[in-house]
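Report on the following structure.
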Amino acid sequence: MKTIKSIFQTGKSKNQSLTSRLSEIEEIASYGMRKQKILNKNLENYIAKHEAKLIADLRKKLEQERTEKQTRLLDEEKMIRQQLHYMKCPDCGMNLQEVQFINNIVWVCEECTGIWLKHGRLENIMKEQGSFLNKMCDKIGLTKLMYRLMRR
């Protein structure tokens, strides 16, 4: 393919007509336009891929931030609920007081006088003072219930 410069240099010869030089220039220009279209298409593809990657990265980052925010909000809500219900009677909602009972801590409600134990504390009390509780349960009629609780 001839360049424009070579066309003008050879154009000085008397054999070459002006129309043939013009057609060669148009051919070079159309070739340049085709090349430019290819380059533009390649550039557009590169930009599209790059933008798609940036969008995917931003979406991933946004999703991580949303997840972290939801986790933080759930933790804060859990803390607020714990603060609202800490040392409150599950039955009537009034304050509980810690009481030392047979080497274990139990909670007694100031209002309804309910007694609350953590998991496993009843078994500890039964091991330490089983005869005392058995006598009480016999009077109340809860002996079978206490034996079921001890077996667990």
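The way I read the labels, and the way they are meant: chains A, B, ... in the order of the structure tokens, residue 1 as the first residue of every chain, and ligand 1 as the first ligand shown, with later ones counted on from there.
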
For A:Lys118, please output as a JSON list (two decimals) with N, CA and C atoms, in the first residue's frame all residues within 12 Å (counting only C-alpha atoms; exclusion window: fewer than 5 positions along the same chain).
[["chain", "number", "residue", "atom", "x", "y", "z"],
["A", 98, "GLU", "N", -29.70, -11.40, 93.34],
["A", 98, "GLU", "CA", -28.85, -12.57, 93.47],
["A", 98, "GLU", "C", -28.83, -13.00, 94.93],
["A", 104, "ASN", "N", -24.44, -22.04, 95.59],
["A", 104, "ASN", "CA", -24.83, -21.69, 94.23],
["A", 104, "ASN", "C", -25.55, -20.35, 94.26],
["A", 105, "ILE", "N", -25.47, -19.66, 93.16],
["A", 105, "ILE", "CA", -26.17, -18.38, 93.05],
["A", 105, "ILE", "C", -27.51, -18.64, 92.37],
["A", 106, "VAL", "N", -28.58, -18.16, 93.00],
["A", 106, "VAL", "CA", -29.92, -18.22, 92.41],
["A", 106, "VAL", "C", -30.46, -16.80, 92.39],
["A", 107, "TRP", "N", -31.49, -16.58, 91.59],
["A", 107, "TRP", "CA", -32.09, -15.26, 91.51],
["A", 107, "TRP", "C", -33.52, -15.33, 92.03],
["A", 123, "GLU", "N", -29.14, -29.35, 89.48],
["A", 123, "GLU", "CA", -28.44, -30.62, 89.65],
["A", 123, "GLU", "C", -27.34, -30.48, 90.70],
["A", 124, "ASN", "N", -26.61, -29.36, 90.69],
["A", 124, "ASN", "CA", -25.57, -29.13, 91.70],
["A", 124, "ASN", "C", -26.17, -29.09, 93.10],
["A", 125, "ILE", "N", -27.27, -28.39, 93.24],
["A", 125, "ILE", "CA", -27.93, -28.29, 94.54],
["A", 125, "ILE", "C", -28.42, -29.67, 94.98]]

Inset, instruction - Excluding stretch 108-111 of chain A and any residue of its chain fewer than 4 positions from it, enumerate the residues within 12 Å of it, using only C-alpha atoms, and give them as number ranges by chain. - result: A: 87-101, 115-117

Inset, instruction - Could you pull out the residues in stretch 8-146 of chain A that DSSP calls strand (DSSP E or B) from the backbone, as a PyMOL selection string? - result: chain A and resi 88+95-101+104-109+115-116

Output C-alpha atoms for every residue in that selection, as an mmCIF file, in the first residue's frame.
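selection-v4.cif, written as the output of this step:
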data_model
loop_
_atom_site.group_PDB
_atom_site.id
_atom_site.type_symbol
_atom_site.label_atom_id
_atom_site.label_comp_id
_atom_site.auth_asym_id
_atom_site.auth_seq_id
_atom_site.Cartn_x
_atom_site.Cartn_y
_atom_site.Cartn_z
ATOM 1 C CA LYS A 88 -35.565 -9.071 85.161
ATOM 2 C CA ASN A 95 -36.033 -6.925 89.262
ATOM 3 C CA LEU A 96 -34.187 -10.038 90.350
ATOM 4 C CA GLN A 97 -31.804 -10.221 93.290
ATOM 5 C CA GLU A 98 -28.852 -12.574 93.475
ATOM 6 C CA VAL A 99 -28.952 -14.860 96.513
ATOM 7 C CA GLN A 100 -26.333 -17.356 97.626
ATOM 8 C CA PHE A 101 -28.093 -20.693 98.183
ATOM 9 C CA ASN A 104 -24.828 -21.687 94.233
ATOM 10 C CA ILE A 105 -26.172 -18.378 93.053
ATOM 11 C CA VAL A 106 -29.915 -18.217 92.410
ATOM 12 C CA TRP A 107 -32.092 -15.263 91.505
ATOM 13 C CA VAL A 108 -35.173 -14.336 93.484
ATOM 14 C CA CYS A 109 -37.855 -11.982 92.156
ATOM 15 C CA ILE A 115 -36.686 -18.469 92.084
ATOM 16 C CA TRP A 116 -34.630 -18.708 88.913
#

Inset, instruction - Using backbone DSSP assignments, extract all helix (DSSP H, G or I) residues from stretch 14-113 of chain A; output them as a ChimeraX atom specification. - result: /A:18-85
